[in-house]
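S.K.: Got a structure here, written out as structure tokens. Questions coming.
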Amino acid sequence: MTTAQDGERSRRSPAFLIGLTLIALFFFAGFCALGAWQVQRLAWKRDLIARVDARIHAPAIPAPRTAARVDEYRRVRISGHFVHDSVALVQAVTVRGAGFWVLTPLITDEGFTVIINRGFVPPDRRRDYMRPSGEVTVSGLLRLSEPGGGFLRSNDPASDRWFSRDVAAIAVARGIRGPLANYFIDADAAADPDAFPVGGLTVVAFPNNHLQYAITWFALAAMVAGAYIFVMRQERKDRRE
């Protein structure tokens with residue numbers, strides 16, 4: 001006895017099957033393309049992590065006047081004199097809790113100014129930290145400027161409230177003149193681990209979930225192919241019956 005459902009299956013037209021095939025091909029190709037893209041992103045991310053890791057652990061080189069994207073996280077060193085009167089405190093959340101980054105301009109021996117993130121201070125030490133005088137040499141990681149703001153809030157130079165390390169905006173607010181590096185330096189930890197500000201707290205972490213994403217997209221492609229094969233086999237079976 002032929003059921004209504006069997007009758008419906010037997011009445012599937014060639015146009016329906018062609019449309020089903022095109023839809024299946026569209027989703028299969030799309031999911032495969034997304035999976036392949038994630039594989040490419042995985043290779044790019046692994047290469048990025050390897051390059052950054054090599055920069056971080058490489059010997060420090062003289063800090064450049066300007067930096068490009070490829071220079072980020074490069075270990076550098078620079079000598080000069082701090083301008084403590086032009087410090088900017090930028091809100092920060094670190095492994096030591098909430099507080100501020102101490103960003104102090106350094107007039108370098110090469111004739112340009114670079115802003116140094118000397119490290120972290122808690123709120124109760126925002127005015128009470130070491131201020132070395134005379135010539136100093138700073139080593140640390142080169143970081144590109146962070147324009148705009150952070151913590152979902154915009155920098156407010158007029159109120160001297162900073163949420164990101166925006167080199168250009170801080171320089172304007174502090175009246176820094178002359179050549180200015182387009183980056184800042186995250187200073188290394190000081191010899192005294194209990195001295196403020198606390199340097200060496202740069203977090204270098206790159207999320208790398210591309211393999212899981214690739215597996216997900218390829219699995220969806222396989223599900224589409226499996227469902228299409230099942231439907232077409234059932235169609236052939238119905239037609240034979």
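Please note that chains go A, B, ... in the order of the structure tokens, that every chain numbers its residues from 1, and that ligands are numbered from 1 in the order shown.
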Please provide the set of residues having any atom within 9 Å of A:Glu72, restricted to only C-alpha atoms, with same-chain residues fewer than 4 positions apart removed, written as a PyMOL selection string.

M.R.: chain A and resi 52+55+67-68+141-144+183

S.K.: Report the residues of stretch 42-169 of chain A whose backbone DSSP state falls under helix (DSSP H, G or I), written as a PyMOL selection string.

M.R.: chain A and resi 42-57+69-71+84-86+123-125+157-159+167-169

S.K.: DSSP says strand (DSSP E or B) for which residues of stretch 32-220 of chain A? Put them as an MDAnalysis selection string?

M.R.: chainID A and resid 61:62 75:82 88:94 97:108 113:121 135:144 149:150 153:154 156 161:162 180:187 198

S.K.: Using only C-alpha atoms, which residues sit within 8 Å of A:Phe196 once same-chain residues fewer than 2 positions away are excluded, as a ChimeraX atom specification?

M.R.: /A:119-121,125,128-130,194,198

S.K.: Store the residues picked out above, limited to all heavy atoms, as a short mmCIF file (atom, residue, chain, number, x, y, z; two decimals), in the first residue's frame.

M.R.:
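The resulting file, out-v2.cif, is shown below:
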data_model
loop_
_atom_site.label_atom_id
_atom_site.label_comp_id
_atom_site.auth_asym_id
_atom_site.auth_seq_id
_atom_site.Cartn_x
_atom_site.Cartn_y
_atom_site.Cartn_z
N GLY A 119 55.35 51.36 33.82
CA GLY A 119 54.78 50.23 34.53
C GLY A 119 53.52 50.61 35.28
O GLY A 119 52.92 51.67 35.08
N PHE A 120 53.12 49.72 36.17
CA PHE A 120 51.84 49.81 36.87
C PHE A 120 52.00 50.37 38.27
O PHE A 120 52.96 50.07 38.98
CB PHE A 120 51.24 48.40 36.94
CG PHE A 120 50.04 48.29 37.84
CD1 PHE A 120 48.78 48.66 37.39
CD2 PHE A 120 50.17 47.81 39.14
CE1 PHE A 120 47.68 48.56 38.22
CE2 PHE A 120 49.07 47.70 39.97
CZ PHE A 120 47.81 48.07 39.51
N VAL A 121 51.00 51.18 38.66
CA VAL A 121 50.89 51.63 40.05
C VAL A 121 49.45 51.45 40.49
O VAL A 121 48.52 51.69 39.71
CB VAL A 121 51.31 53.11 40.24
CG1 VAL A 121 52.79 53.29 40.01
CG2 VAL A 121 50.51 54.03 39.33
N ARG A 125 49.09 54.59 44.99
CA ARG A 125 50.49 54.97 44.73
C ARG A 125 50.61 55.80 43.46
O ARG A 125 51.70 55.93 42.91
CB ARG A 125 51.35 53.70 44.59
CG ARG A 125 51.41 52.83 45.85
CD ARG A 125 52.13 53.54 46.98
NE ARG A 125 53.50 53.83 46.66
CZ ARG A 125 54.51 52.99 46.90
NH1 ARG A 125 54.28 51.81 47.47
NH2 ARG A 125 55.75 53.34 46.60
N ASP A 128 52.94 58.41 44.27
CA ASP A 128 54.07 57.98 45.10
C ASP A 128 54.79 56.83 44.43
O ASP A 128 54.50 55.66 44.68
CB ASP A 128 53.57 57.58 46.50
CG ASP A 128 54.71 57.13 47.41
OD1 ASP A 128 55.87 57.51 47.14
OD2 ASP A 128 54.44 56.41 48.39
N TYR A 129 55.73 57.18 43.57
CA TYR A 129 56.52 56.16 42.88
C TYR A 129 57.87 56.75 42.53
O TYR A 129 58.08 57.97 42.62
CB TYR A 129 55.80 55.65 41.63
CG TYR A 129 55.40 56.73 40.65
CD1 TYR A 129 56.31 57.21 39.70
CD2 TYR A 129 54.14 57.29 40.66
CE1 TYR A 129 55.98 58.20 38.80
CE2 TYR A 129 53.78 58.29 39.77
CZ TYR A 129 54.71 58.74 38.85
OH TYR A 129 54.36 59.72 37.97
N MET A 130 58.80 55.90 42.12
CA MET A 130 60.17 56.34 41.84
C MET A 130 60.20 57.24 40.61
O MET A 130 59.52 56.97 39.62
CB MET A 130 61.07 55.13 41.63
CG MET A 130 61.26 54.27 42.86
SD MET A 130 62.29 52.82 42.51
CE MET A 130 63.80 53.64 41.96
N ASP A 194 59.65 45.15 44.15
CA ASP A 194 58.68 45.83 45.00
C ASP A 194 58.62 47.32 44.72
O ASP A 194 57.84 48.04 45.36
CB ASP A 194 59.02 45.60 46.48
CG ASP A 194 58.93 44.13 46.88
OD1 ASP A 194 58.00 43.46 46.38
OD2 ASP A 194 59.77 43.67 47.67
N VAL A 198 55.67 49.20 38.52
CA VAL A 198 56.07 47.81 38.26
C VAL A 198 56.05 47.57 36.76
O VAL A 198 54.99 47.59 36.12
CB VAL A 198 55.13 46.82 38.96
CG1 VAL A 198 55.56 45.38 38.66
CG2 VAL A 198 55.11 47.08 40.45
#

S.K.: List the neighbours of A:Arg126 out to 9 Å using only C-alpha atoms; skip same-chain residues closer than 3 positions along the sequence, and give me the result as a VMD selection string.

M.R.: chain A and resid 89 99 to 100 102 121 to 123 129 197

S.K.: Using only C-alpha atoms, find the one residue out of A:Gly140, A:Pro62, A:Gly30, A:Pro105 that sits nearest to A:Ala222.

M.R.: A:Gly30

S.K.: Quick one, how far is atom CA of A:Arg75 from atom CA of A:Ile185?

M.R.: 9.0 Å

S.K.: Enter the distance from atom CA of A:Ser159 to atom CA of A:Thr113, in Å, rounded to one decimal.

M.R.: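 According to the coordinates, atom CA of A:Ser159 and atom CA of A:Thr113 are separated by 23.7 Å.
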
S.K.: For stretch 78-82 of chain A, list every protein, DNA or RNA residue within 7 Å, evaluated using only C-alpha atoms, and leave out those in the same chain fewer than 6 positions away; present the list as an MDAnalysis selection string.

M.R.: chainID A and resid 62:63 104:109 134:139

S.K.: Can you work out which one of A:Gly111, A:Pro14, A:Pro59, A:Gly19 has the shortest atom-to-atom distance to A:Leu180, counting only C-alpha atoms?

M.R.: A:Gly111

S.K.: For atom CA of A:Trp217 and atom CA of A:Phe26, determine how far apart the two atoms are, in Å to one decimal place.

M.R.: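 Calculated distance between atom CA of A:Trp217 and atom CA of A:Phe26 is 13.6 Å.
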
S.K.: Please provide as an MDAnalysis selection string all residues within 12 Å of A:Glu146, with the sequence filter that same-chain residues fewer than 4 positions apart are discarded (counting only C-alpha atoms).

M.R.: chainID A and resid 90 150 154:155 162:170 182:184

S.K.: Please provide as a PyMOL selection string all residues within 12 Å of A:Leu211, with the sequence filter that same-chain residues fewer than 5 positions apart are discarded (counting only C-alpha atoms).

M.R.: chain A and resi 34-46+216-218

S.K.: Go ahead and dump the residues you just picked, N, CA and C atoms, as a short mmCIF file (atom, residue, chain, number, x, y, z; two decimals), in the first residue's frame.

M.R.:
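This is the output file selection.cif:
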data_model
loop_
_atom_site.label_atom_id
_atom_site.label_comp_id
_atom_site.auth_asym_id
_atom_site.auth_seq_id
_atom_site.Cartn_x
_atom_site.Cartn_y
_atom_site.Cartn_z
N LEU A 34 34.83 28.45 3.87
CA LEU A 34 35.07 28.99 5.22
C LEU A 34 36.08 28.13 5.98
N GLY A 35 35.98 26.82 5.82
CA GLY A 35 36.95 25.95 6.47
C GLY A 35 38.36 26.18 5.95
N ALA A 36 38.48 26.31 4.62
CA ALA A 36 39.80 26.56 4.03
C ALA A 36 40.36 27.91 4.49
N TRP A 37 39.47 28.91 4.60
CA TRP A 37 39.91 30.23 5.07
C TRP A 37 40.43 30.14 6.50
N GLN A 38 39.77 29.36 7.34
CA GLN A 38 40.23 29.20 8.72
C GLN A 38 41.57 28.46 8.78
N VAL A 39 41.78 27.53 7.87
CA VAL A 39 43.08 26.85 7.81
C VAL A 39 44.18 27.85 7.45
N GLN A 40 43.88 28.74 6.50
CA GLN A 40 44.84 29.77 6.15
C GLN A 40 45.10 30.71 7.34
N ARG A 41 44.02 31.07 8.04
CA ARG A 41 44.17 31.93 9.22
C ARG A 41 44.97 31.23 10.31
N LEU A 42 44.81 29.94 10.43
CA LEU A 42 45.57 29.17 11.41
C LEU A 42 47.06 29.25 11.11
N ALA A 43 47.42 29.06 9.83
CA ALA A 43 48.82 29.15 9.45
C ALA A 43 49.36 30.56 9.70
N TRP A 44 48.55 31.59 9.37
CA TRP A 44 48.97 32.98 9.60
C TRP A 44 49.16 33.25 11.08
N LYS A 45 48.22 32.78 11.93
CA LYS A 45 48.30 33.03 13.36
C LYS A 45 49.50 32.33 13.98
N ARG A 46 49.78 31.10 13.56
CA ARG A 46 50.94 30.39 14.08
C ARG A 46 52.24 31.09 13.69
N THR A 216 34.74 22.89 12.54
CA THR A 216 33.30 23.14 12.54
C THR A 216 32.76 23.34 11.13
N TRP A 217 33.44 24.18 10.34
CA TRP A 217 32.96 24.44 8.98
C TRP A 217 33.03 23.19 8.11
N PHE A 218 34.12 22.44 8.21
CA PHE A 218 34.23 21.22 7.41
C PHE A 218 33.21 20.18 7.86
#

S.K.: Given the choices A:His84, A:Arg174, A:Arg69, A:Arg161, which gets closest to A:Ser145 if the distance is worked out from only C-alpha atoms?

M.R.: A:Arg69

S.K.: Go through A:Gly175, A:Ala15, A:Ala33, A:Leu22 one by one, measure the shortest atom-to-atom distance of each to A:Leu220 using only C-alpha atoms, and give the residue with the smallest value.

M.R.: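 Answer, going by the shortest atom-to-atom distance: A:Ala33.
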